$ cat input_14.txt   # compact mmCIF, C-alpha atoms
# COMPACT_ATOMS: atom_id res chain seq x y z
CA MET J 1 -13.84 19.01 -25.86
CA ARG J 2 -11.37 17.36 -23.48
CA ASP J 3 -11.36 20.44 -21.26
CA THR J 4 -15.16 20.34 -21.10
CA ILE J 5 -15.16 16.67 -20.08
CA HIS J 6 -12.48 17.38 -17.47
CA MET J 7 -14.49 20.27 -16.01
CA ASN J 8 -17.66 18.17 -15.92
CA ARG J 9 -15.84 15.44 -14.00
CA THR J 10 -14.37 18.00 -11.61
CA GLU J 11 -17.75 19.55 -10.96
CA ALA J 12 -19.33 16.11 -10.51
CA PHE J 13 -16.70 15.07 -7.95
CA LEU J 14 -17.09 18.29 -5.98
CA ALA J 15 -20.88 18.05 -6.11
CA GLU J 16 -20.67 14.48 -4.79
CA SER J 17 -18.39 15.66 -1.99
CA GLN J 18 -20.89 18.32 -0.96
CA ASP J 19 -23.71 15.78 -0.97
CA ILE J 20 -21.69 13.38 1.20
CA LEU J 21 -20.94 16.12 3.74
CA LYS J 22 -24.64 16.94 4.06
CA LYS J 23 -25.41 13.29 4.89
CA MET J 24 -22.75 12.85 7.58
CA ASP J 25 -23.92 11.66 11.00
CA THR J 26 -22.84 14.51 13.26
CA GLY J 27 -23.94 12.58 16.33
CA ALA J 28 -21.40 9.85 15.58
CA ILE J 29 -18.71 12.49 15.04
CA ASP J 30 -19.49 14.12 18.39
CA LYS J 31 -19.40 10.75 20.14
CA ALA J 32 -15.99 9.96 18.64
CA ILE J 33 -14.68 13.34 19.79
CA GLU J 34 -15.91 12.72 23.34
CA ILE J 35 -14.20 9.32 23.48
CA LEU J 36 -10.91 10.91 22.43
CA TYR J 37 -11.41 13.82 24.82
CA ASP J 38 -12.03 11.42 27.70
CA ALA J 39 -8.81 9.59 26.80
CA TRP J 40 -6.89 12.85 27.08
CA LYS J 41 -8.54 13.78 30.38
CA SER J 42 -7.68 10.37 31.85
CA ASP J 43 -4.15 10.30 30.41
CA ASN J 44 -4.92 7.22 28.34
CA GLN J 45 -3.17 6.36 25.10
CA VAL J 46 -4.66 6.55 21.62
CA PHE J 47 -3.60 3.98 19.03
CA ILE J 48 -4.44 4.46 15.36
CA ALA J 49 -4.27 1.92 12.53
CA GLY J 50 -5.34 1.42 8.93
CA ASN J 51 -4.18 -0.21 5.71
CA GLY J 52 -3.25 1.34 2.37
CA GLY J 53 -4.40 4.94 2.11
CA SER J 54 -5.86 4.61 5.59
CA ALA J 55 -2.34 3.97 6.90
CA SER J 56 -1.30 7.47 5.84
CA THR J 57 -4.41 8.88 7.51
CA SER J 58 -3.41 6.99 10.65
CA THR J 59 0.02 8.61 10.65
CA HIS J 60 -1.43 12.05 9.91
CA PHE J 61 -4.00 11.84 12.71
CA ALA J 62 -1.40 10.72 15.26
CA CYS J 63 0.73 13.71 14.25
CA ASP J 64 -2.19 16.11 14.64
CA LEU J 65 -3.18 14.73 18.07
CA ASN J 66 0.37 14.96 19.40
CA LYS J 67 1.21 18.36 17.90
CA TRP J 68 -1.67 20.55 16.70
CA VAL J 69 -4.27 19.43 19.22
CA SER J 70 -1.83 19.50 22.14
CA ASP J 71 -0.02 22.78 21.44
CA GLU J 72 -1.81 24.73 24.17
CA ALA J 73 -2.62 21.82 26.50
CA ASP J 74 -1.16 21.40 29.99
CA ARG J 75 -0.44 17.82 29.01
CA LYS J 76 -0.22 16.45 25.50
CA PHE J 77 -2.13 13.62 23.86
CA ARG J 78 -0.28 10.32 23.83
CA ALA J 79 -1.08 9.04 20.35
CA LEU J 80 0.72 6.35 18.39
CA SER J 81 0.14 5.18 14.82
CA LEU J 82 0.66 1.43 14.64
CA VAL J 83 1.82 1.66 11.01
CA ASP J 84 4.82 3.92 11.63
CA ASN J 85 7.54 1.61 12.98
CA ILE J 86 8.51 0.03 9.66
CA PRO J 87 11.17 -2.35 11.05
CA LEU J 88 8.69 -3.63 13.65
CA VAL J 89 5.83 -3.90 11.15
CA SER J 90 8.02 -5.76 8.67
CA ALA J 91 9.42 -8.07 11.38
CA LEU J 92 5.94 -8.95 12.64
CA THR J 93 4.72 -9.50 9.09
CA ASN J 94 7.75 -11.61 8.18
CA ASP J 95 7.48 -13.84 11.26
CA ASN J 96 3.74 -13.97 11.97
CA GLY J 97 1.99 -12.78 8.82
CA TRP J 98 0.14 -9.56 8.04
CA GLY J 99 -2.93 -10.61 10.01
CA ASP J 100 -1.32 -10.06 13.43
CA VAL J 101 0.61 -6.86 12.76
CA TYR J 102 -1.65 -4.56 14.84
CA TYR J 103 -2.83 -7.16 17.34
CA GLU J 104 0.75 -8.00 18.36
CA GLN J 105 1.56 -4.34 18.98
CA LEU J 106 -1.56 -3.84 21.09
CA ARG J 107 -0.66 -6.90 23.18
CA ASN J 108 2.48 -5.00 24.15
CA PHE J 109 1.16 -1.45 24.54
CA LEU J 110 -2.60 -1.45 25.21
CA ARG J 111 -3.96 -0.80 28.70
CA GLU J 112 -7.52 -0.67 29.99
CA GLY J 113 -9.12 2.68 29.16
CA ASP J 114 -7.00 3.32 26.07
CA VAL J 115 -8.56 4.07 22.67
CA LEU J 116 -8.04 2.40 19.29
CA VAL J 117 -8.96 4.40 16.19
CA ALA J 118 -9.55 1.93 13.35
CA ILE J 119 -9.67 3.38 9.82
CA SER J 120 -10.98 1.27 6.93
CA VAL J 121 -12.67 2.28 3.68
CA HIS J 122 -14.93 -0.79 3.65
CA GLY J 123 -15.07 -1.25 7.41
CA GLY J 124 -13.63 -4.76 7.18
CA SER J 125 -16.10 -6.08 4.61
CA GLY J 126 -15.35 -7.39 1.12
CA SER J 127 -12.30 -9.18 -0.25
CA ASP J 128 -9.68 -9.17 -2.99
CA LYS J 129 -6.89 -11.42 -4.23
CA ALA J 130 -5.37 -11.74 -0.74
CA GLY J 131 -8.73 -12.65 0.85
CA PRO J 132 -11.02 -10.66 3.18
CA TRP J 133 -10.05 -7.02 3.66
CA SER J 134 -8.69 -5.51 6.88
CA GLN J 135 -8.81 -8.66 9.00
CA ASN J 136 -5.67 -7.46 10.82
CA LEU J 137 -7.59 -4.33 11.79
CA LEU J 138 -10.62 -6.28 12.98
CA LYS J 139 -8.41 -8.57 15.06
CA ALA J 140 -6.95 -5.50 16.73
CA VAL J 141 -10.46 -4.11 17.34
CA LYS J 142 -11.54 -7.34 19.03
CA TYR J 143 -8.44 -7.40 21.20
CA ALA J 144 -8.99 -3.77 22.22
CA LYS J 145 -12.64 -4.39 23.14
CA ASP J 146 -11.81 -7.59 25.03
CA ASN J 147 -9.23 -5.74 27.10
CA GLY J 148 -11.22 -2.72 28.23
CA ALA J 149 -10.34 -0.21 25.51
CA LYS J 150 -12.70 1.99 23.51
CA VAL J 151 -12.83 1.79 19.72
CA VAL J 152 -13.50 4.66 17.32
CA GLY J 153 -14.13 3.56 13.75
CA LEU J 154 -13.84 5.53 10.53
CA ALA J 155 -15.40 3.68 7.61
CA GLY J 156 -17.21 4.16 4.32
CA PHE J 157 -19.64 2.26 2.08
CA ASP J 158 -22.08 0.49 4.48
CA GLY J 159 -19.71 0.68 7.46
CA GLY J 160 -18.92 -3.04 7.37
CA VAL J 161 -17.98 -4.77 10.61
CA LEU J 162 -16.65 -1.55 12.12
CA ARG J 163 -20.14 -0.06 12.24
CA THR J 164 -21.21 -2.44 15.00
CA ALA J 165 -17.82 -3.35 16.48
CA SER J 166 -16.91 0.25 17.42
CA ASP J 167 -18.07 2.31 20.36
CA ALA J 168 -18.44 5.17 17.89
CA CYS J 169 -18.22 4.69 14.14
CA VAL J 170 -18.32 7.53 11.65
CA VAL J 171 -19.39 6.12 8.30
CA VAL J 172 -18.80 8.20 5.17
CA PRO J 173 -21.99 7.60 3.14
CA ALA J 174 -20.25 6.96 -0.19
CA GLU J 175 -19.26 4.02 -2.36
CA SER J 176 -16.13 5.61 -3.77
CA THR J 177 -12.73 4.88 -2.26
CA PRO J 178 -11.28 8.31 -3.20
CA GLN J 179 -14.27 10.07 -1.62
CA VAL J 180 -14.14 7.94 1.54
CA GLU J 181 -10.40 8.37 2.03
CA GLY J 182 -10.65 12.10 1.38
CA MET J 183 -13.53 12.49 3.84
CA HIS J 184 -11.61 10.55 6.48
CA LEU J 185 -8.94 13.24 6.32
CA VAL J 186 -11.62 15.92 6.62
CA LEU J 187 -13.06 14.09 9.64
CA THR J 188 -9.73 13.72 11.43
CA HIS J 189 -9.03 17.42 10.90
CA LEU J 190 -12.50 18.28 12.19
CA MET J 191 -11.95 16.13 15.29
CA ALA J 192 -8.50 17.61 15.81
CA GLU J 193 -9.86 21.15 15.63
CA GLN J 194 -12.66 20.36 18.09
CA LEU J 195 -10.30 18.61 20.50
CA ARG J 196 -7.80 21.47 20.37
CA SER J 197 -10.57 23.89 21.27
CA LYS J 198 -11.83 21.71 24.14
CA ILE J 199 -8.49 21.06 25.83
CA SER J 200 -7.10 24.57 25.42
CA SER J 201 -10.19 26.27 26.88
CA LYS J 202 -9.63 28.31 30.02
CA GLY J 203 -9.88 26.23 33.16
CA LYS J 204 -9.34 22.85 31.43
CA ARG J 205 -6.83 20.95 33.52
CA PRO J 206 -6.16 17.26 32.98
CA LYS J 207 -5.90 14.84 35.87
CA SER J 208 -2.81 12.67 36.11
CA LYS J 209 -2.51 9.02 37.08
CA TYR J 210 0.91 9.63 38.60
$ encode --input "input_14.txt" --output "structure tokens"
Amino acid sequence: MRDTIHMNRTEAFLAESQDILKKMDTGAIDKAIEILYDAWKSDNQVFIAGNGGSASTSTHFACDLNKWVSDEADRKFRALSLVDNIPLVSALTNDNGWGDVYYEQLRNFLREGDVLVAISVHGGSGSDKAGPWSQNLLKAVKYAKDNGAKVVGLAGFDGGVLRTASDACVVVPAESTPQVEGMHLVLTHLMAEQLRSKISSKGKRPKSKY
């Protein structure tokens, strides 16, 4: 009996995943890829941030941009996950609070034309015991937009604030945190594969600022 219940839940989860994939906005995905591709062509930086499970996706995507995507490129992506420097993150949090942890890093690193990839399950909507979710991420998004950077959002549920605050926002049409976080990994791998193909194509040569 338990095995039957387990199998039914497994099949239901996989069926839901397939349904979500069919509903994805491919136009938004393509737009996000073009923003990242333009950043590579112009030798701009890509910053990635997220909280909780989205923090691990941030780290993973930065790794893929710097390594897998750039393996055959004449010049590599310059991608940085804003969650990775634990001493810096903890120092900023200890001194200034969690709300400024990404904003303060962008104040130091961001330049006009750079890209911020903001990853949030609820897109900055909703709240819990600590108050509204992902306000540190939204503060970073505002700073990026105000200073001439592009923003790519990855969200779920109804897209939240990221849906309208981003230049391109891919919203996973699901109201399940495990599904949204899983699909965000699928999306970053899809984007990485597409970008690798684009920048390693014959005749693709990046221009340099220097």
$ closest_residue --input "input_14.txt" --among "J:Gly159, J:Gly99, J:Gly153, J:Gly50" --to "Val115 in chain J" --atoms "all atoms listed in the file"
J:Gly153
$ residues_around --input "input_14.txt" --residues "range 199-201 of chain J" --least-positions-apart "5" --cutoff "9 Å" --atoms "all atoms listed in the file" --output "number ranges by chain"
J: 37, 40-41, 69-74, 194, 206
$ atom_distance --input "input_14.txt" --atom1 "CA of Thr57 in chain J" --atom2 "CA of Leu185 in chain J"
6.4 Å
$ atom_distance --input "input_14.txt" --atom1 "CA of Leu65 in chain J" --atom2 "CA of Gly160 in chain J"
26.0 Å
$ closest_residue --input "input_14.txt" --among "J:Gly148, J:Gly156, J:Gly182, J:Gly27" --to "Glu112 in chain J" --atoms "all atoms listed in the file"
J:Gly148
$ residues_around --input "input_14.txt" --residues "Leu106 in chain J" --least-positions-apart "2" --cutoff "10 Å" --atoms "all atoms listed in the file" --output "MDAnalysis selection string"
chainID J and resid 47 82 100:104 108:111 116 140:141 143:144 147
$ residues_around --input "input_14.txt" --residues "range 29-35 of chain J" --least-positions-apart "5" --cutoff "9 Å" --atoms "all atoms listed in the file" --output "count of residues only"
17
$ residues_around --input "input_14.txt" --residues "Asn51 in chain J" --least-positions-apart "5" --cutoff "12 Å" --atoms "all atoms listed in the file" --output "CSV table (one decimal) with C-alpha atoms, in the coordinates of the input"
chain,number,residue,atom,x,y,z
J,56,SER,CA,-1.3,7.5,5.8
J,57,THR,CA,-4.4,8.9,7.5
J,58,SER,CA,-3.4,7.0,10.6
J,59,THR,CA,0.0,8.6,10.6
J,81,SER,CA,0.1,5.2,14.8
J,82,LEU,CA,0.7,1.4,14.6
J,83,VAL,CA,1.8,1.7,11.0
J,84,ASP,CA,4.8,3.9,11.6
J,89,VAL,CA,5.8,-3.9,11.2
J,98,TRP,CA,0.1,-9.6,8.0
J,99,GLY,CA,-2.9,-10.6,10.0
J,101,VAL,CA,0.6,-6.9,12.8
J,102,TYR,CA,-1.6,-4.6,14.8
J,118,ALA,CA,-9.6,1.9,13.4
J,119,ILE,CA,-9.7,3.4,9.8
J,120,SER,CA,-11.0,1.3,6.9
J,121,VAL,CA,-12.7,2.3,3.7
J,122,HIS,CA,-14.9,-0.8,3.6
J,123,GLY,CA,-15.1,-1.2,7.4
J,124,GLY,CA,-13.6,-4.8,7.2
J,133,TRP,CA,-10.0,-7.0,3.7
J,134,SER,CA,-8.7,-5.5,6.9
J,135,GLN,CA,-8.8,-8.7,9.0
J,136,ASN,CA,-5.7,-7.5,10.8
J,137,LEU,CA,-7.6,-4.3,11.8
J,138,LEU,CA,-10.6,-6.3,13.0
J,181,GLU,CA,-10.4,8.4,2.0
$ closest_residue --input "input_14.txt" --among "J:Val46, J:Val171, J:Ala62, J:Met183" --to "Asp114 in chain J" --atoms "all atoms listed in the file"
J:Val46
$ atom_distance --input "input_14.txt" --atom1 "CA of Thr188 in chain J" --atom2 "CA of Ala174 in chain J"
17.1 Å
$ closest_residue --input "input_14.txt" --among "J:Ala149, J:Ile48, J:Leu36, J:Val172" --to "Val117 in chain J" --atoms "only C-alpha atoms"
J:Ile48
$ closest_residue --input "input_14.txt" --among "J:Leu80, J:Ala155, J:Thr26, J:Thr177" --to "Phe61 in chain J" --atoms "all atoms listed in the file"
J:Leu80
$ closest_residue --input "input_14.txt" --among "J:Asn96, J:Asn44, J:Thr164, J:Gln179" --to "Arg75 in chain J" --atoms "all atoms listed in the file"
J:Asn44
$ axis_aligned_box --input "input_14.txt" --around "range 40-47 of chain J" --padding-each-side "6 Å" --output "lines of an AutoDock Vina configuration file"
center_x = -5.9
center_y = 8.9
center_z = 25.4
size_x = 17.4
size_y = 21.8
size_z = 24.8
